[in-house]
Amino acid sequence: MPEELYDIETTIPSNPIEEFLRMDRMPHIWCPGCGIGTTVNCFVRALQTSGLDLDKVAVVSGIGCTGRVAGYMNLDSFHTTHGRAIPFATGLKLANPGLKVVVYSGDGDLTAIGGNHFIHAARRNMDLTVILINNMIYGMTGGQAAPTTPVGATASTTPHGNFEETFNLPFLAESCGAVYVARWTAHHVRHLTKSIKEALAKKGFSFVEILAPCPTLYSRRNKLGDGLDQMEFYRDNSEIKNGADTKSVTLDFQGKITVGKFVDKERPTYIEAMNQHYQKKFGDRYVPSDEIRKLSHAQE
Amino acid sequence: MAQVAEQTKKAKGSVVIVAERCKGCGFCVEFCPPEVLELSTEYNSKGYHTPILAKRDLCTGCDICGMVCPDFAIYGYMFKKKTKEA
């Protein structure tokens with residue numbers, strides 16, 4: 001056996017994620033104990049190992065705390081108007097089909113004001129990776145009740161508790177036609193990284209919902225402690241059920257959380273369906289753009 | 001045997017802490033698998049208690065702290081294995 005197995009004197013490597021972030025903008029605006037930074041960490045590690053050409057990756061965000069991600073990523077990124085991250089990403093993908101477009105936004109942005117865009121992008125099976133951070137509240141605007149606020153939770157607009165039925169986002173995405181649906185929490189860092197990597201590699205509308213603590217507005221108002229207490233709650237109350245029926249994965253106020261990869265199927269994307277249809281309809285008269293032709297050759 | 005026991009005790013990696021970026025949320029301290037981190041009693045310039053590597057010998061450099069850190073203020077790295085020739 002050699003005397004020393006490990007060389008302690010090695011030079012300290014620099015933080016591997018710093019080249020993916022705009023470090024001049026750090027420290028970021030997220031509160032102490034907020035889970036969004038953790039998800040960004042996992043996203044960056046997924047990008048690192050995915051082998052994607054970073055010049056061909058674009059991040060699109062809407063408005064909200066999570067909307068800030070586009071500003072912090074050192075990639076081509078765009079911070080769109082409220083709820084319009086998916087329409088912008090759709091246009092980006094259609095104009096430049098060689099890009100890998102990632103929509104990174106919050107629950108209020110993607111499912112409330114942008115709900116229509118969300119369901120239609122899933123219906124068309126647009127080739128987008130949608131990462132949705134669900135903190136169960138409108139964080140940036142002051143803690144109003146969102147479509148994802150659980151029944152019984154207190155928000156600034158529901159001081160006596162929320163009584164509206166909650167969106168079950170994996171079920172919504174699956175029923176609209178998403179080809180990849182997963183849910184994780186900010187605590188499941190390794191699973192989440194793997195899941196984001198799979199979603200990035202998947203062709204079509206892939207959707208990853210991530211539960212993240214909002215210590216300032218959701219936890220404090222509901223007397224759930226700080227961000228660390230919420231993370232511990234995720235650790236103790238999450239149940240991994242891959243392939244679970246998405247109907248059964250509703251979120252209750254402080255109830256059990258079902259996490260896992262729920263859907264992974266194949267379906268022609270919007271661009272493929274369009275190509276097929278027009279080739280059948282017009283034959284040789286149909287001339288797709290160079291980008292789309294390159295893409296369909298690569299698929300063959 | 002004693003030598004082997006000593007070998008396993010030796011740290012396999014370490015962490016780097018950027019104290020000025022830390023907001024003291026405590027995620028790394030709570031979720032460190034070998035529980036080598038502790039919140040220090042010192043403050044950084046923003047008034048947060050930052051983590052310190054309390055049990056240096058037990059760190060495996062697994063980088064879970066780097067993955068859960070929401071402020072990109074900590075990361076783990078493994079020491080490079082020495083080749084037998086060297």
# chains A, B, ... in the order shown; residues from 1 in each chain; ligands from 1
>>> interface_residues(of="chain B", to="chain A", cutoff="9 Å", atoms="only C-alpha atoms", output="PyMOL selection string")
chain B and resi 7+10-13+16+20-27+30-31+64+66-72+74-77+79-84
>>> residues_around(residues="Arg221 in chain A", least_positions_apart="6", cutoff="10 Å", atoms="only C-alpha atoms", output="short mmCIF file (atom, residue, chain, number, x, y, z; two decimals) with N, CA and C atoms, in the first residue's frame")
data_model
loop_
_atom_site.label_atom_id
_atom_site.label_comp_id
_atom_site.auth_asym_id
_atom_site.auth_seq_id
_atom_site.Cartn_x
_atom_site.Cartn_y
_atom_site.Cartn_z
N GLY A 143 -46.90 37.52 -1.80
CA GLY A 143 -47.50 36.36 -1.16
C GLY A 143 -48.98 36.18 -1.40
N ALA A 153 -54.06 26.65 3.15
CA ALA A 153 -52.88 27.48 3.40
C ALA A 153 -53.28 28.94 3.43
N THR A 154 -52.59 29.71 4.24
CA THR A 154 -52.85 31.13 4.34
C THR A 154 -51.95 31.89 3.39
N ALA A 155 -52.53 32.85 2.68
CA ALA A 155 -51.75 33.74 1.83
C ALA A 155 -52.22 35.15 2.11
N SER A 156 -51.54 36.15 1.54
CA SER A 156 -51.92 37.52 1.89
C SER A 156 -53.31 37.86 1.37
N PRO A 159 -56.53 35.48 4.04
CA PRO A 159 -56.08 35.48 5.44
C PRO A 159 -56.76 34.42 6.30
N PRO A 215 -39.38 30.77 2.27
CA PRO A 215 -39.40 31.03 3.71
C PRO A 215 -40.04 32.36 4.07
#
>>> residues_around(residues="Asp76 in chain A", least_positions_apart="6", cutoff="12 Å", atoms="only C-alpha atoms", output="list in words")
Phe20, Leu21, Arg22, Asp53, Leu54, Asp55, Lys56, Val57, Ala58, Val59, Val60, Ser61, Val69, Ala70, Leu92, Leu99, Lys100, Val101 and Val102 of chain A
>>> select_by_dssp(residues="chain B", states="strand (DSSP E or B)", output="PyMOL selection string")
chain B and resi 13-17+37-43+49-53+74-78+81
>>> residues_around(residues="Asn134 in chain A", least_positions_apart="6", cutoff="10 Å", atoms="only C-alpha atoms", output="PDB file with C-alpha atoms, in the first residue's frame")
ATOM      1  CA  GLY A  35     -34.833  26.859  -2.779  1.00  0.00           C
ATOM      2  CA  ILE A  36     -34.493  28.444  -6.222  1.00  0.00           C
ATOM      3  CA  THR A  66     -37.750  32.259 -10.542  1.00  0.00           C
ATOM      4  CA  SER A 105     -40.049  29.883 -14.504  1.00  0.00           C
ATOM      5  CA  GLY A 106     -42.325  29.815 -11.501  1.00  0.00           C
ATOM      6  CA  ASP A 107     -45.759  28.398 -10.783  1.00  0.00           C
ATOM      7  CA  GLY A 108     -47.523  31.758 -10.817  1.00  0.00           C
ATOM      8  CA  LEU A 110     -46.390  29.407 -16.007  1.00  0.00           C
ATOM      9  CA  THR A 111     -49.718  28.141 -14.676  1.00  0.00           C
ATOM     10  CA  THR A 148     -50.907  26.075  -6.721  1.00  0.00           C
ATOM     11  CA  THR A 149     -51.604  27.271  -3.152  1.00  0.00           C
ATOM     12  CA  LEU A 169     -49.498  20.090 -12.350  1.00  0.00           C
ATOM     13  CA  ARG A 183     -41.727  16.092  -9.902  1.00  0.00           C
ATOM     14  CA  THR A 185     -38.285  18.817  -4.438  1.00  0.00           C
ATOM     15  CA  ALA A 186     -35.307  21.063  -3.771  1.00  0.00           C
ATOM     16  CA  GLU A 209     -41.921  20.409 -11.431  1.00  0.00           C
ATOM     17  CA  ILE A 210     -39.710  21.260  -8.466  1.00  0.00           C
ATOM     18  CA  LEU A 211     -41.109  22.088  -5.039  1.00  0.00           C
ATOM     19  CA  ALA A 212     -39.023  24.764  -3.367  1.00  0.00           C
ATOM     20  CA  PRO A 213     -39.374  26.472  -0.003  1.00  0.00           C
ATOM     21  CA  CYS A 214     -40.466  30.111   0.179  1.00  0.00           C
TER      22      CYS A 214
END
>>> atom_distance(atom1="CA of Ala122 in chain A", atom2="CA of Ser50 in chain A")
23.1 Å
>>> closest_residue(among="A:Lys93, A:His160, A:Lys265, A:Arg84", to="Gly115 in chain A", atoms="only C-alpha atoms")
A:Arg84
>>> closest_residue(among="B:Cys65, B:Met78, B:Ala73, B:Leu58", to="Pro34 in chain B", atoms="only C-alpha atoms")
B:Leu58
>>> atom_distance(atom1="CA of Thr246 in chain A", atom2="CA of Ala178 in chain A")
12.0 Å
>>> residues_around(residues="Met126 in chain A", least_positions_apart="5", cutoff="9 Å", atoms="only C-alpha atoms", output="list in words")
Thr90, Lys93, His120, Ala121, Lys203, Gly204, Phe205, Thr269, Tyr270 and Ile271 of chain A
>>> write_last_selection(atoms="N, CA and C atoms", output="JSON list (two decimals), in the first residue's frame")
[["chain", "number", "residue", "atom", "x", "y", "z"],
["A", 90, "THR", "N", -41.46, 29.25, -27.83],
["A", 90, "THR", "CA", -42.01, 28.60, -29.02],
["A", 90, "THR", "C", -41.51, 29.28, -30.28],
["A", 93, "LYS", "N", -37.83, 28.59, -30.82],
["A", 93, "LYS", "CA", -37.59, 27.23, -31.31],
["A", 93, "LYS", "C", -37.96, 27.11, -32.79],
["A", 120, "HIS", "N", -51.19, 24.68, -24.25],
["A", 120, "HIS", "CA", -51.13, 24.56, -25.71],
["A", 120, "HIS", "C", -49.75, 24.12, -26.20],
["A", 121, "ALA", "N", -48.72, 24.55, -25.49],
["A", 121, "ALA", "CA", -47.38, 24.05, -25.86],
["A", 121, "ALA", "C", -47.29, 22.55, -25.61],
["A", 203, "LYS", "N", -36.85, 14.58, -26.58],
["A", 203, "LYS", "CA", -37.40, 15.36, -27.69],
["A", 203, "LYS", "C", -38.89, 15.58, -27.41],
["A", 204, "GLY", "N", -39.33, 16.83, -27.43],
["A", 204, "GLY", "CA", -40.73, 17.12, -27.16],
["A", 204, "GLY", "C", -40.89, 17.90, -25.87],
["A", 205, "PHE", "N", -42.13, 18.05, -25.44],
["A", 205, "PHE", "CA", -42.45, 18.90, -24.28],
["A", 205, "PHE", "C", -42.13, 18.14, -22.99],
["A", 269, "THR", "N", -43.07, 15.56, -32.36],
["A", 269, "THR", "CA", -43.08, 16.95, -31.93],
["A", 269, "THR", "C", -43.79, 17.79, -32.98],
["A", 270, "TYR", "N", -43.97, 19.06, -32.64],
["A", 270, "TYR", "CA", -44.68, 19.99, -33.53],
["A", 270, "TYR", "C", -43.98, 20.07, -34.89],
["A", 271, "ILE", "N", -42.66, 20.20, -34.87],
["A", 271, "ILE", "CA", -41.91, 20.37, -36.13],
["A", 271, "ILE", "C", -41.99, 19.08, -36.96]]
